[in-house]
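Working notes, beginning with the structure itself.
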Amino acid sequence: MNSLDFSIVAQAWPYLWSGLLFSLSLTAAAFAIGMVLGTCLALVQHFEIRGLAQIVRGYVALIRSIPLILVLFWFFFLVPIVLGHLSGSGRPVPIGATATAFITFELFEAAYYSEIIRVGLRAVNKGQFEASQALALSTYDTYRHIVLPQVFRVASPIILSQTIILFQDTSLVYVLSLTDLLGAASKLAQLNGRLVEMYLFVAVVYLALSSAASQCVAILRKRYAVAAAHR
Amino acid sequence: MPHQTISNSGQPAAIVVENVVKRYGAFAALNDINLEVGKGEKIVLCGPSGSGKSTLIRCINHIERHDGGRIVVDGVELTGRIADINSVRCEVGMVFQSFNLFPHLTVAENCMLAPMKVRGISRSEARDRALSLLRKVRIQDQADKYPAQLSGGQQQRVAIARALCMQPKIMLFDEPTSALDPEMVKEVLETMVGLARDGMTMVCVTHEMGFAREVADRVVFMDRGSIVEEAAPETFFQAPRTERARSFLNQIIH
């Protein structure tokens, strides 16, 4: 076997970079939309909104019990058929691989984030609600300014951990023939035969990004622990 | 329209509690309570734990809902209508045993939030008001710290300032010194005495007898959900009429 030649990585960098950008933008979108949607799902359950709460519970249980890769498949193959039926033409309405990836990841992550936030909502001290009531704050202001900021703060280490998993899971888009960081490396490795260098480099990138994020988790955890100890 | 209820003394009453009942399942936490608090009057509520004193003051600002009878606060009856509940809560400040400051907001922000959101005043006006009330409780130099950075006594004084920022007519205190280390009790009581001197209508659940002697117009003794005895502090402490009050006083004096 030839000795390792990492110059191949430098040549491949523009393509790898575009793959990394796709991974990062998918992560960012799934995080942002997933958090907003997840917070709504959590609040629906928290307030026990009649009818809706049961549906949300079913949705979260369903999403959490099937692998992401299966959800991607379903979405890609089934939703166009369903849309076709709904539109009345009977012909499938394709939604494209990229849209499938973004929508699926956002809906999938929303279920996971909602579980984290739901637990966080239950952890907020009863006294916080009573103090808000005593000050005549409306339910909206209580949740917007008192309860949710504390939930996000307490849950931030877990939310960030989930987001690291999400970042790694973006590699699953290869089933839709989309090119993320891992997909880009894999394609180039097939072309130039430098599998070891390419996969080593990609591993280092995942390691660097994920461990940087893990460091953030550790810092957040520590900061929160200190704040809690002082209370 | 709000109607005025005239108390026995001829003064319009700040709080009227009539035949109030509160049940938790089969357990009667409040059993036919009648109490009137005149404007500017200071009441100390005491009694053994589980006697219903905290439940009673929590009904006055509707943190607990009463199951029977009437509660009229500053002319507004608490019927369960949101508008009435909110207008009562605007006029009634409350201080809790466990402070219940908002841990993610600074001391000043704790004091500013409700006046801005509920009273609709501007941020700069809210800050000015917060700082002047923090000065009043002698803690203005901590305005930009977080609650966790303060001692218990300081936190409780912030809680008092936070309630005062809503410019309430009535203040409720639910065992405000019970969670404090002994050396911090005094600073909180002094703040409360100052408030009493300013003419605030106050209902305090507390076992601090020195405070009761100094500021209370009446001591109300509760046991098992009922008011057992009401008297001026000197009378109550020196010559309690009922056996239950006597045994309670013996226990807290040791």
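Going through the structure tokens in order, the chains are called A, B, and so on, while each chain numbers its residues from 1 and the ligands are numbered from 1 in the order shown.
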Would you kindly return, as a compact mmCIF listing (two decimals) with C-alpha atoms, in the first residue's frame, each protein, DNA or RNA residue with an atom no farther than 12 Å from any atom of Leu220 of chain A, considering only C-alpha atoms and excluding same-chain residues fewer than 6 positions away?
# COMPACT_ATOMS: atom_id res chain seq x y z
CA PHE A 152 -34.02 27.08 27.60
CA ARG A 153 -31.31 27.87 30.09
CA VAL A 154 -31.72 24.68 32.11
CA ALA A 155 -32.13 22.53 29.00
CA SER A 156 -29.37 24.16 26.93
CA PRO A 157 -26.79 21.40 27.55
CA ILE A 158 -29.26 18.70 26.46
CA ILE A 159 -30.46 20.78 23.52
CA LEU A 160 -26.87 21.23 22.37
CA SER A 161 -26.15 17.50 22.80
CA ALA A 213 -19.70 21.80 20.59
CA SER A 214 -19.23 19.31 23.45
CA VAL A 226 -22.82 27.08 39.67
CA ALA A 227 -25.93 29.24 39.33
Requested in this report: Fewer than 2 positions away in the same chain doesn't count, so skip those; otherwise give me all residues within 10 Å of segment 117-119 of chain A, counting only C-alpha atoms, as number ranges by chain.
Outcome: A: 35, 38-46, 112-115, 121-124, 148, 151-152, 154-156, 158-159
Requested in this report: Compute the chain B side of the contact with chain A at 7 Å, counting only C-alpha atoms, and hand it back as a PyMOL selection string.
Outcome: chain B and resi 61+63+86+89-90+93-94+100+102+104+114+118+148-149
For the selection just defined, write its residues with N, CA, C and O atoms to a file, as a PDB file, in the first residue's frame.
ATOM      1  N   ASN B  61     -55.267  37.254  47.012  1.00  0.00           N
ATOM      2  CA  ASN B  61     -54.908  37.666  45.640  1.00  0.00           C
ATOM      3  C   ASN B  61     -55.172  36.545  44.634  1.00  0.00           C
ATOM      4  O   ASN B  61     -54.627  36.548  43.536  1.00  0.00           O
ATOM      5  N   ILE B  63     -54.357  33.479  44.308  1.00  0.00           N
ATOM      6  CA  ILE B  63     -53.414  32.435  43.908  1.00  0.00           C
ATOM      7  C   ILE B  63     -54.045  31.086  44.244  1.00  0.00           C
ATOM      8  O   ILE B  63     -53.827  30.089  43.569  1.00  0.00           O
ATOM      9  N   ASN B  86     -57.195  40.271  37.871  1.00  0.00           N
ATOM     10  CA  ASN B  86     -56.036  41.085  37.523  1.00  0.00           C
ATOM     11  C   ASN B  86     -56.066  42.445  38.184  1.00  0.00           C
ATOM     12  O   ASN B  86     -55.026  42.949  38.610  1.00  0.00           O
ATOM     13  N   ARG B  89     -54.953  41.877  41.681  1.00  0.00           N
ATOM     14  CA  ARG B  89     -53.521  41.561  41.781  1.00  0.00           C
ATOM     15  C   ARG B  89     -52.648  42.790  41.550  1.00  0.00           C
ATOM     16  O   ARG B  89     -51.544  42.882  42.076  1.00  0.00           O
ATOM     17  N   CYS B  90     -53.156  43.740  40.744  1.00  0.00           N
ATOM     18  CA  CYS B  90     -52.398  44.970  40.520  1.00  0.00           C
ATOM     19  C   CYS B  90     -52.280  45.793  41.797  1.00  0.00           C
ATOM     20  O   CYS B  90     -51.309  46.528  41.980  1.00  0.00           O
ATOM     21  N   GLY B  93     -49.616  43.522  46.550  1.00  0.00           N
ATOM     22  CA  GLY B  93     -48.280  42.958  46.389  1.00  0.00           C
ATOM     23  C   GLY B  93     -48.123  41.756  47.298  1.00  0.00           C
ATOM     24  O   GLY B  93     -48.773  41.681  48.342  1.00  0.00           O
ATOM     25  N   MET B  94     -47.270  40.806  46.885  1.00  0.00           N
ATOM     26  CA  MET B  94     -47.095  39.632  47.736  1.00  0.00           C
ATOM     27  C   MET B  94     -45.616  39.276  47.860  1.00  0.00           C
ATOM     28  O   MET B  94     -44.869  39.331  46.892  1.00  0.00           O
ATOM     29  N   ASN B 100     -38.914  33.631  45.590  1.00  0.00           N
ATOM     30  CA  ASN B 100     -39.433  33.486  44.224  1.00  0.00           C
ATOM     31  C   ASN B 100     -39.003  34.612  43.296  1.00  0.00           C
ATOM     32  O   ASN B 100     -39.774  35.057  42.446  1.00  0.00           O
ATOM     33  N   PHE B 102     -36.953  35.995  40.035  1.00  0.00           N
ATOM     34  CA  PHE B 102     -36.718  35.368  38.742  1.00  0.00           C
ATOM     35  C   PHE B 102     -35.204  35.233  38.548  1.00  0.00           C
ATOM     36  O   PHE B 102     -34.507  36.231  38.399  1.00  0.00           O
ATOM     37  N   HIS B 104     -33.172  34.343  36.226  1.00  0.00           N
ATOM     38  CA  HIS B 104     -32.487  34.683  34.978  1.00  0.00           C
ATOM     39  C   HIS B 104     -32.501  36.179  34.710  1.00  0.00           C
ATOM     40  O   HIS B 104     -31.960  36.623  33.701  1.00  0.00           O
ATOM     41  N   ALA B 114     -42.885  43.585  35.638  1.00  0.00           N
ATOM     42  CA  ALA B 114     -44.343  43.712  35.774  1.00  0.00           C
ATOM     43  C   ALA B 114     -44.829  45.153  35.543  1.00  0.00           C
ATOM     44  O   ALA B 114     -45.813  45.356  34.826  1.00  0.00           O
ATOM     45  N   VAL B 118     -47.458  45.091  32.745  1.00  0.00           N
ATOM     46  CA  VAL B 118     -48.822  45.178  33.279  1.00  0.00           C
ATOM     47  C   VAL B 118     -49.292  46.626  33.355  1.00  0.00           C
ATOM     48  O   VAL B 118     -50.388  46.955  32.919  1.00  0.00           O
ATOM     49  N   ALA B 148     -28.973  35.083  42.491  1.00  0.00           N
ATOM     50  CA  ALA B 148     -28.117  34.054  43.083  1.00  0.00           C
ATOM     51  C   ALA B 148     -26.865  34.643  43.733  1.00  0.00           C
ATOM     52  O   ALA B 148     -26.220  34.002  44.558  1.00  0.00           O
ATOM     53  N   GLN B 149     -26.505  35.880  43.354  1.00  0.00           N
ATOM     54  CA  GLN B 149     -25.301  36.496  43.917  1.00  0.00           C
ATOM     55  C   GLN B 149     -25.578  37.206  45.245  1.00  0.00           C
ATOM     56  O   GLN B 149     -24.666  37.746  45.849  1.00  0.00           O
TER      57      GLN B 149
END
Requested in this report: Give me, please, the distance in Å between atom CA of Leu16 of chain A and atom CA of Leu181 of chain A, quoted to one decimal.
Outcome: 5.8 Å
Query - Who sits within 9 Å of segment 98-109 of chain A, only C-alpha atoms, same chain under 3 positions skipped, as a count of residues only - result: 30
